[in-house]
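I have placed the structure first, in the form of structure tokens, so that the comments after it can refer back to it.
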Amino acid sequence: EAQVTQNPRYLITVTGKKLTVTCSQNMNHEYMSWYRQDPGLGLRQIYYSMNVEVTDKGDVPEGYKVSRKEKRNFPLILESPSPNQTSLYFCASSLLGQGNYEQYFGPGTRLTVT
Amino acid sequence: AQSVTQLDSHVSVSEGTPVLLRCNYSSSYSPSLFWYVQHPNKGLQLLLKYTSAATLVKGINGFEAEFKKSETSFHLTKPSAHMSDAAEYFCVVSDTGSASKIIFGSGTRLSIRP
């Protein structure tokens, strides 16, 4: 089954404790992206990747890191989480990376930073 | 620079009546436009997309949208609302130019009255 998986689905952590949210897709998509969803703000793009070893900032990259060492995986790293990073996070992937193809979304990761 | 504005944060209609969710966009290049739906506690699913082919786009579940370049609009419609249409709807724009950023609108919550 074609899918995007994210882990963990729920995470409660404390300020400053490094964490990684994993994202994996099995569709051989070149383009992958991370978003955060906050009430009234829709989804905002954090980082995206056009292919292996190619990443770029979205609209809200501060406090986040990503890497793309393999085509299928695109982990999101919070080196020193803060309470303002409490949010619902979605990973997505699509073909070709020009944004004009359907994005497939993961189920979401709800992160709480206390 | 791209932007997207969803003109209504909340729309409420009676079951069986038409639905109109409004979206305006701005884009420096030829845009690709999408509507996604998010049911409560679920991920996002593509409803329909416009990628410079026919201006009237038909999607799943009876939804359709019309691309109007002169009005920079991409409104989502459905002739007859069903209770299962209650969800959050997002209008999304991406450029087919060199940048691959994807911009989401802030969302419209659709409620259906029995």
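In the structure tokens, chains take the letters A, B, ... in the order shown, each chain's residues start at 1, and ligands count up from 1 in the order shown.
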Write down, as an NGL selection string, each residue of chain B that has any atom within 9 Å of an atom of chain A, counting only C-alpha atoms.
-> :B and (9 or 31-34 or 41-46 or 48-51 or 90 or 93-107)
Within 7 Å of Ser73 in chain B, counting only C-alpha atoms, which residues qualify if same-chain residues fewer than 2 places away don't, as number ranges by chain?
-> B: 23-25, 67-69, 71, 75
Prev. selection, all heavy atoms, output as a CSV table (one decimal), in the first residue's frame:
```csv
chain,number,residue,atom,x,y,z
B,23,CYS,N,-11.7,31.0,-2.4
B,23,CYS,CA,-10.2,31.1,-2.3
B,23,CYS,C,-9.7,32.1,-3.4
B,23,CYS,O,-10.1,32.0,-4.5
B,23,CYS,CB,-9.7,29.7,-2.6
B,23,CYS,SG,-7.8,29.6,-2.7
B,24,ASN,N,-8.9,33.0,-3.0
B,24,ASN,CA,-8.2,33.9,-3.9
B,24,ASN,C,-6.7,33.6,-3.7
B,24,ASN,O,-6.2,33.4,-2.6
B,24,ASN,CB,-8.5,35.3,-3.6
B,24,ASN,CG,-9.9,35.7,-4.0
B,24,ASN,OD1,-10.8,35.9,-3.2
B,24,ASN,ND2,-10.1,35.7,-5.4
B,25,TYR,N,-5.9,33.8,-4.8
B,25,TYR,CA,-4.5,33.5,-4.7
B,25,TYR,C,-3.7,34.6,-5.4
B,25,TYR,O,-4.3,35.4,-6.2
B,25,TYR,CB,-4.2,32.2,-5.4
B,25,TYR,CG,-4.4,32.3,-6.9
B,25,TYR,CD1,-3.3,32.6,-7.7
B,25,TYR,CD2,-5.6,32.2,-7.5
B,25,TYR,CE1,-3.5,32.8,-9.1
B,25,TYR,CE2,-5.8,32.3,-8.9
B,25,TYR,CZ,-4.7,32.6,-9.7
B,25,TYR,OH,-4.9,32.8,-11.0
B,67,PHE,N,-11.0,27.7,-12.1
B,67,PHE,CA,-9.9,28.6,-12.1
B,67,PHE,C,-10.3,29.8,-12.9
B,67,PHE,O,-10.6,29.7,-14.1
B,67,PHE,CB,-8.7,27.9,-12.7
B,67,PHE,CG,-7.5,28.8,-12.9
B,67,PHE,CD1,-6.8,29.3,-11.8
B,67,PHE,CD2,-7.1,29.2,-14.2
B,67,PHE,CE1,-5.7,30.1,-12.0
B,67,PHE,CE2,-6.0,30.0,-14.3
B,67,PHE,CZ,-5.3,30.5,-13.2
B,68,LYS,N,-10.2,31.0,-12.3
B,68,LYS,CA,-10.5,32.3,-13.0
B,68,LYS,C,-9.3,33.2,-12.8
B,68,LYS,O,-9.1,33.8,-11.8
B,68,LYS,CB,-11.8,32.9,-12.4
B,68,LYS,CG,-13.1,32.1,-12.6
B,68,LYS,CD,-14.3,32.9,-12.2
B,68,LYS,CE,-15.6,32.2,-12.6
B,68,LYS,NZ,-16.8,32.9,-12.1
B,69,LYS,N,-8.6,33.2,-13.9
B,69,LYS,CA,-7.3,34.0,-13.8
B,69,LYS,C,-7.6,35.5,-13.6
B,69,LYS,O,-6.9,36.2,-12.9
B,69,LYS,CB,-6.5,33.8,-15.1
B,69,LYS,CG,-5.1,34.4,-15.1
B,69,LYS,CD,-4.4,34.0,-16.3
B,69,LYS,CE,-3.0,34.6,-16.3
B,69,LYS,NZ,-2.2,34.2,-17.5
B,71,GLU,N,-9.9,36.9,-12.1
B,71,GLU,CA,-10.3,37.2,-10.7
B,71,GLU,C,-9.3,36.6,-9.7
B,71,GLU,O,-9.5,36.8,-8.5
B,71,GLU,CB,-11.7,36.7,-10.5
B,71,GLU,CG,-12.8,37.2,-11.4
B,71,GLU,CD,-14.1,36.6,-11.2
B,71,GLU,OE1,-14.3,35.8,-10.2
B,71,GLU,OE2,-15.0,36.9,-12.0
B,75,HIS,N,-12.5,29.0,-6.4
B,75,HIS,CA,-13.6,28.7,-5.5
B,75,HIS,C,-14.0,27.2,-5.6
B,75,HIS,O,-14.1,26.7,-6.7
B,75,HIS,CB,-14.8,29.6,-5.6
B,75,HIS,CG,-14.4,31.1,-5.5
B,75,HIS,ND1,-13.4,31.5,-4.7
B,75,HIS,CD2,-15.1,32.2,-6.0
B,75,HIS,CE1,-13.4,32.9,-4.8
B,75,HIS,NE2,-14.4,33.3,-5.5
```
Return as number ranges by chain the full set of residues in range 26-98 of chain B whose backbone-based DSSP assignment is strand (DSSP E).
-> B: 26, 31-38, 44-50, 56-58, 64-68, 73-78, 87-95
Take the selection from the previous step and output its residues with N, CA, C and O atoms, as a compact mmCIF listing (two decimals), in the first residue's frame.
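What ended up in again.txt:
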```
# COMPACT_ATOMS: atom_id res chain seq x y z
N SER B 26 -2.44 34.67 -5.14
CA SER B 26 -1.52 35.47 -5.95
C SER B 26 -0.29 34.63 -6.21
O SER B 26 0.14 33.84 -5.34
N PRO B 31 0.39 29.32 -11.69
CA PRO B 31 0.20 28.57 -10.45
C PRO B 31 -0.39 27.19 -10.68
O PRO B 31 -1.10 26.94 -11.66
N SER B 32 -0.09 26.30 -9.78
CA SER B 32 -0.87 25.09 -9.60
C SER B 32 -1.71 25.29 -8.35
O SER B 32 -1.23 25.83 -7.36
N LEU B 33 -2.95 24.88 -8.42
CA LEU B 33 -3.89 25.13 -7.31
C LEU B 33 -4.55 23.83 -6.90
O LEU B 33 -4.87 22.99 -7.74
N PHE B 34 -4.76 23.69 -5.62
CA PHE B 34 -5.30 22.45 -5.06
C PHE B 34 -6.33 22.78 -3.98
O PHE B 34 -6.25 23.83 -3.34
N TRP B 35 -7.23 21.86 -3.79
CA TRP B 35 -8.08 21.85 -2.60
C TRP B 35 -7.85 20.52 -1.89
O TRP B 35 -7.92 19.44 -2.52
N TYR B 36 -7.58 20.62 -0.58
CA TYR B 36 -7.46 19.45 0.26
C TYR B 36 -8.54 19.48 1.34
O TYR B 36 -8.97 20.55 1.77
N VAL B 37 -8.93 18.30 1.78
CA VAL B 37 -9.91 18.19 2.86
C VAL B 37 -9.29 17.45 4.03
O VAL B 37 -8.49 16.52 3.84
N GLN B 38 -9.63 17.91 5.23
CA GLN B 38 -9.15 17.26 6.46
C GLN B 38 -10.34 16.99 7.36
O GLN B 38 -10.93 17.93 7.91
N LEU B 44 -4.68 14.75 5.60
CA LEU B 44 -5.22 15.53 4.50
C LEU B 44 -5.37 14.67 3.25
O LEU B 44 -4.51 13.84 2.94
N GLN B 45 -6.44 14.94 2.51
CA GLN B 45 -6.72 14.19 1.29
C GLN B 45 -6.97 15.18 0.16
O GLN B 45 -7.67 16.18 0.34
N LEU B 46 -6.41 14.88 -1.01
CA LEU B 46 -6.62 15.76 -2.16
C LEU B 46 -8.05 15.64 -2.67
O LEU B 46 -8.54 14.54 -2.93
N LEU B 47 -8.70 16.80 -2.84
CA LEU B 47 -10.04 16.84 -3.45
C LEU B 47 -9.93 17.02 -4.96
O LEU B 47 -10.60 16.33 -5.72
N LEU B 48 -9.13 18.00 -5.36
CA LEU B 48 -8.96 18.27 -6.78
C LEU B 48 -7.75 19.17 -6.98
O LEU B 48 -7.23 19.74 -6.02
N LYS B 49 -7.31 19.27 -8.26
CA LYS B 49 -6.15 20.11 -8.57
C LYS B 49 -6.32 20.75 -9.94
O LYS B 49 -6.93 20.18 -10.85
N TYR B 50 -5.77 21.93 -10.07
CA TYR B 50 -5.69 22.64 -11.34
C TYR B 50 -4.21 22.80 -11.69
O TYR B 50 -3.42 23.32 -10.92
N LEU B 56 -12.26 24.34 -15.44
CA LEU B 56 -13.23 23.75 -14.53
C LEU B 56 -12.73 22.37 -14.16
O LEU B 56 -12.59 21.50 -15.01
N VAL B 57 -12.47 22.20 -12.90
CA VAL B 57 -11.85 20.96 -12.42
C VAL B 57 -12.85 20.19 -11.57
O VAL B 57 -13.44 20.75 -10.64
N LYS B 58 -13.01 18.94 -11.87
CA LYS B 58 -13.89 18.09 -11.07
C LYS B 58 -13.05 17.22 -10.14
O LYS B 58 -12.01 16.69 -10.53
N GLU B 64 -16.24 20.46 -7.21
CA GLU B 64 -15.55 21.01 -8.36
C GLU B 64 -15.10 22.43 -8.05
O GLU B 64 -15.57 23.06 -7.09
N ALA B 65 -14.16 22.91 -8.86
CA ALA B 65 -13.63 24.25 -8.67
C ALA B 65 -13.32 24.84 -10.03
O ALA B 65 -12.98 24.12 -10.98
N GLU B 66 -13.46 26.16 -10.13
CA GLU B 66 -13.19 26.84 -11.39
C GLU B 66 -12.05 27.82 -11.21
O GLU B 66 -12.06 28.68 -10.31
N PHE B 67 -11.04 27.69 -12.06
CA PHE B 67 -9.91 28.60 -12.06
C PHE B 67 -10.28 29.84 -12.89
O PHE B 67 -10.59 29.73 -14.08
N LYS B 68 -10.24 31.01 -12.26
CA LYS B 68 -10.54 32.26 -12.96
C LYS B 68 -9.34 33.18 -12.82
O LYS B 68 -9.15 33.84 -11.79
N SER B 73 -9.06 33.68 -8.66
CA SER B 73 -9.86 32.90 -7.72
C SER B 73 -9.89 31.43 -8.10
O SER B 73 -9.67 31.06 -9.26
N PHE B 74 -10.17 30.61 -7.12
CA PHE B 74 -10.28 29.16 -7.31
C PHE B 74 -11.27 28.64 -6.28
O PHE B 74 -10.94 27.92 -5.35
N HIS B 75 -12.52 29.03 -6.45
CA HIS B 75 -13.56 28.69 -5.47
C HIS B 75 -14.01 27.24 -5.60
O HIS B 75 -14.14 26.72 -6.70
N LEU B 76 -14.29 26.63 -4.48
CA LEU B 76 -14.73 25.23 -4.42
C LEU B 76 -16.25 25.19 -4.26
O LEU B 76 -16.80 25.91 -3.42
N THR B 77 -16.91 24.35 -5.06
CA THR B 77 -18.37 24.26 -4.98
C THR B 77 -18.81 22.81 -4.97
O THR B 77 -18.08 21.90 -5.39
N LYS B 78 -20.04 22.63 -4.50
CA LYS B 78 -20.71 21.34 -4.55
C LYS B 78 -22.20 21.63 -4.59
O LYS B 78 -22.70 22.45 -3.82
N ALA B 87 -16.01 19.15 7.49
CA ALA B 87 -14.55 18.98 7.58
C ALA B 87 -13.90 20.35 7.44
O ALA B 87 -14.57 21.37 7.29
N GLU B 88 -12.57 20.35 7.49
CA GLU B 88 -11.79 21.56 7.22
C GLU B 88 -11.26 21.44 5.79
O GLU B 88 -10.77 20.38 5.38
N TYR B 89 -11.34 22.55 5.06
CA TYR B 89 -10.91 22.56 3.66
C TYR B 89 -9.80 23.59 3.48
O TYR B 89 -9.89 24.72 3.97
N PHE B 90 -8.77 23.17 2.75
CA PHE B 90 -7.61 24.03 2.54
C PHE B 90 -7.39 24.26 1.05
O PHE B 90 -7.32 23.31 0.27
N CYS B 91 -7.22 25.52 0.69
CA CYS B 91 -6.82 25.91 -0.66
C CYS B 91 -5.31 26.05 -0.66
O CYS B 91 -4.73 26.62 0.29
N VAL B 92 -4.65 25.54 -1.68
CA VAL B 92 -3.19 25.48 -1.71
C VAL B 92 -2.69 25.98 -3.06
O VAL B 92 -3.25 25.63 -4.10
N VAL B 93 -1.62 26.76 -3.04
CA VAL B 93 -1.02 27.24 -4.28
C VAL B 93 0.46 26.88 -4.31
O VAL B 93 1.12 26.89 -3.27
N SER B 94 0.93 26.52 -5.48
CA SER B 94 2.38 26.36 -5.66
C SER B 94 2.74 26.90 -7.04
O SER B 94 1.92 26.87 -7.96
N ASP B 95 3.94 27.41 -7.15
CA ASP B 95 4.41 27.91 -8.43
C ASP B 95 5.03 26.77 -9.23
O ASP B 95 5.65 25.89 -8.65
```
Within 12 Å of range 9-12 of chain A using only C-alpha atoms, minus same-chain residues under 5 positions, as a ChimeraX atom specification = /A:17-23,81-83,85-91,106-114 /B:41-43
Could you please determine the separation between CA of Ile60 in chain B and CA of Ser80 in chain B in Å, to one decimal place?
-> 13.6 Å
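When only C-alpha atoms are used to compute distances to Phe74 in chain A, the closest of the residues A:Ser93, A:Asn7, A:Ser24, A:Asn51 turns out to be A:Ser24.
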With distances taken over only C-alpha atoms, which of A:Glu79, A:Gly16, A:Asn84, A:Gln6 is nearest to Trp34 in chain A?
->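 So, comparing all the options, the nearest one is A:Gln6.
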Within 10 Å of His82 in chain B using only C-alpha atoms, minus same-chain residues under 5 positions, as an NGL selection string | :B and (13-19 or 61 or 111-114)
Generate the output file for the selected residues, all heavy atoms, as a PDB file, in the first residue's frame.
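Dumped everything to result_0.pdb:
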```
ATOM      1  N   VAL B  13     -23.920  25.316   6.169  1.00  0.00           N
ATOM      2  CA  VAL B  13     -25.014  25.160   5.211  1.00  0.00           C
ATOM      3  C   VAL B  13     -25.916  24.021   5.675  1.00  0.00           C
ATOM      4  O   VAL B  13     -25.498  23.166   6.473  1.00  0.00           O
ATOM      5  CB  VAL B  13     -24.497  24.873   3.784  1.00  0.00           C
ATOM      6  CG1 VAL B  13     -23.572  25.981   3.306  1.00  0.00           C
ATOM      7  CG2 VAL B  13     -23.806  23.523   3.704  1.00  0.00           C
ATOM      8  N   SER B  14     -27.108  24.002   5.156  1.00  0.00           N
ATOM      9  CA  SER B  14     -28.033  22.900   5.454  1.00  0.00           C
ATOM     10  C   SER B  14     -27.768  21.745   4.503  1.00  0.00           C
ATOM     11  O   SER B  14     -27.363  21.952   3.352  1.00  0.00           O
ATOM     12  CB  SER B  14     -29.479  23.370   5.314  1.00  0.00           C
ATOM     13  OG  SER B  14     -29.773  24.379   6.247  1.00  0.00           O
ATOM     14  N   GLU B  15     -28.000  20.554   4.988  1.00  0.00           N
ATOM     15  CA  GLU B  15     -27.848  19.376   4.138  1.00  0.00           C
ATOM     16  C   GLU B  15     -28.731  19.519   2.901  1.00  0.00           C
ATOM     17  O   GLU B  15     -29.885  19.951   2.990  1.00  0.00           O
ATOM     18  CB  GLU B  15     -28.233  18.119   4.929  1.00  0.00           C
ATOM     19  CG  GLU B  15     -27.894  16.820   4.234  1.00  0.00           C
ATOM     20  CD  GLU B  15     -28.179  15.609   5.093  1.00  0.00           C
ATOM     21  OE1 GLU B  15     -28.958  15.725   6.065  1.00  0.00           O
ATOM     22  OE2 GLU B  15     -27.609  14.529   4.814  1.00  0.00           O
ATOM     23  N   GLY B  16     -28.144  19.186   1.744  1.00  0.00           N
ATOM     24  CA  GLY B  16     -28.902  19.268   0.498  1.00  0.00           C
ATOM     25  C   GLY B  16     -28.809  20.598  -0.212  1.00  0.00           C
ATOM     26  O   GLY B  16     -29.273  20.724  -1.355  1.00  0.00           O
ATOM     27  N   THR B  17     -28.212  21.600   0.409  1.00  0.00           N
ATOM     28  CA  THR B  17     -28.060  22.913  -0.227  1.00  0.00           C
ATOM     29  C   THR B  17     -26.649  23.053  -0.794  1.00  0.00           C
ATOM     30  O   THR B  17     -25.743  22.296  -0.417  1.00  0.00           O
ATOM     31  CB  THR B  17     -28.331  24.050   0.764  1.00  0.00           C
ATOM     32  OG1 THR B  17     -27.347  24.029   1.806  1.00  0.00           O
ATOM     33  CG2 THR B  17     -29.724  23.918   1.375  1.00  0.00           C
ATOM     34  N   PRO B  18     -26.439  24.035  -1.692  1.00  0.00           N
ATOM     35  CA  PRO B  18     -25.118  24.177  -2.315  1.00  0.00           C
ATOM     36  C   PRO B  18     -24.050  24.657  -1.329  1.00  0.00           C
ATOM     37  O   PRO B  18     -24.330  25.349  -0.351  1.00  0.00           O
ATOM     38  CB  PRO B  18     -25.344  25.227  -3.406  1.00  0.00           C
ATOM     39  CG  PRO B  18     -26.815  25.223  -3.648  1.00  0.00           C
ATOM     40  CD  PRO B  18     -27.441  24.885  -2.330  1.00  0.00           C
ATOM     41  N   VAL B  19     -22.815  24.273  -1.674  1.00  0.00           N
ATOM     42  CA  VAL B  19     -21.645  24.686  -0.897  1.00  0.00           C
ATOM     43  C   VAL B  19     -20.771  25.577  -1.764  1.00  0.00           C
ATOM     44  O   VAL B  19     -20.548  25.282  -2.948  1.00  0.00           O
ATOM     45  CB  VAL B  19     -20.822  23.453  -0.447  1.00  0.00           C
ATOM     46  CG1 VAL B  19     -19.538  23.891   0.244  1.00  0.00           C
ATOM     47  CG2 VAL B  19     -21.649  22.561   0.476  1.00  0.00           C
ATOM     48  N   ASN B  61     -16.066  13.120  -4.599  1.00  0.00           N
ATOM     49  CA  ASN B  61     -17.241  13.393  -3.761  1.00  0.00           C
ATOM     50  C   ASN B  61     -18.115  14.526  -4.288  1.00  0.00           C
ATOM     51  O   ASN B  61     -18.788  15.207  -3.506  1.00  0.00           O
ATOM     52  CB  ASN B  61     -16.820  13.696  -2.310  1.00  0.00           C
ATOM     53  CG  ASN B  61     -16.060  12.541  -1.695  1.00  0.00           C
ATOM     54  OD1 ASN B  61     -16.233  11.389  -2.078  1.00  0.00           O
ATOM     55  ND2 ASN B  61     -15.192  12.838  -0.756  1.00  0.00           N
ATOM     56  N   SER B 111     -19.489  23.323   8.168  1.00  0.00           N
ATOM     57  CA  SER B 111     -20.452  22.642   9.031  1.00  0.00           C
ATOM     58  C   SER B 111     -21.722  22.381   8.228  1.00  0.00           C
ATOM     59  O   SER B 111     -22.133  23.223   7.417  1.00  0.00           O
ATOM     60  CB  SER B 111     -20.800  23.492  10.250  1.00  0.00           C
ATOM     61  OG  SER B 111     -19.650  23.758  11.022  1.00  0.00           O
ATOM     62  N   ILE B 112     -22.349  21.247   8.473  1.00  0.00           N
ATOM     63  CA  ILE B 112     -23.572  20.884   7.759  1.00  0.00           C
ATOM     64  C   ILE B 112     -24.703  20.743   8.777  1.00  0.00           C
ATOM     65  O   ILE B 112     -24.623  19.937   9.708  1.00  0.00           O
ATOM     66  CB  ILE B 112     -23.401  19.559   6.988  1.00  0.00           C
ATOM     67  CG1 ILE B 112     -22.109  19.572   6.168  1.00  0.00           C
ATOM     68  CG2 ILE B 112     -24.630  19.311   6.107  1.00  0.00           C
ATOM     69  CD1 ILE B 112     -22.053  20.599   5.064  1.00  0.00           C
ATOM     70  N   ARG B 113     -25.749  21.507   8.572  1.00  0.00           N
ATOM     71  CA  ARG B 113     -26.919  21.441   9.464  1.00  0.00           C
ATOM     72  C   ARG B 113     -27.904  20.400   8.934  1.00  0.00           C
ATOM     73  O   ARG B 113     -28.156  20.338   7.729  1.00  0.00           O
ATOM     74  CB  ARG B 113     -27.604  22.807   9.534  1.00  0.00           C
ATOM     75  CG  ARG B 113     -26.715  23.919  10.045  1.00  0.00           C
ATOM     76  CD  ARG B 113     -27.516  25.197  10.246  1.00  0.00           C
ATOM     77  NE  ARG B 113     -28.119  25.674   9.015  1.00  0.00           N
ATOM     78  CZ  ARG B 113     -27.528  26.499   8.160  1.00  0.00           C
ATOM     79  NH1 ARG B 113     -26.299  26.925   8.399  1.00  0.00           N
ATOM     80  NH2 ARG B 113     -28.150  26.892   7.062  1.00  0.00           N
ATOM     81  N   PRO B 114     -28.477  19.573   9.829  1.00  0.00           N
ATOM     82  CA  PRO B 114     -29.416  18.530   9.368  1.00  0.00           C
ATOM     83  C   PRO B 114     -30.673  19.138   8.759  1.00  0.00           C
ATOM     84  O   PRO B 114     -31.088  20.235   9.106  1.00  0.00           O
ATOM     85  CB  PRO B 114     -29.754  17.755  10.647  1.00  0.00           C
ATOM     86  CG  PRO B 114     -28.751  18.154  11.643  1.00  0.00           C
ATOM     87  CD  PRO B 114     -28.223  19.505  11.257  1.00  0.00           C
TER      88      PRO B 114
END
```
Nearest to Arg68 in chain A, restricted to only C-alpha atoms and choosing among A:Ser94, A:Thr5, A:Thr55, A:Asn28, comes out as A:Thr55
One-decimal distance in Å that lies between CA of Ser30 in chain B and CA of Val54 in chain A | 23.8 Å
What does the distance from CA of Glu62 in chain A to CA of Pro8 in chain A come to in Å, to one decimal?
->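 Between CA of Glu62 in chain A and CA of Pro8 in chain A the gap works out to 21.4 Å.
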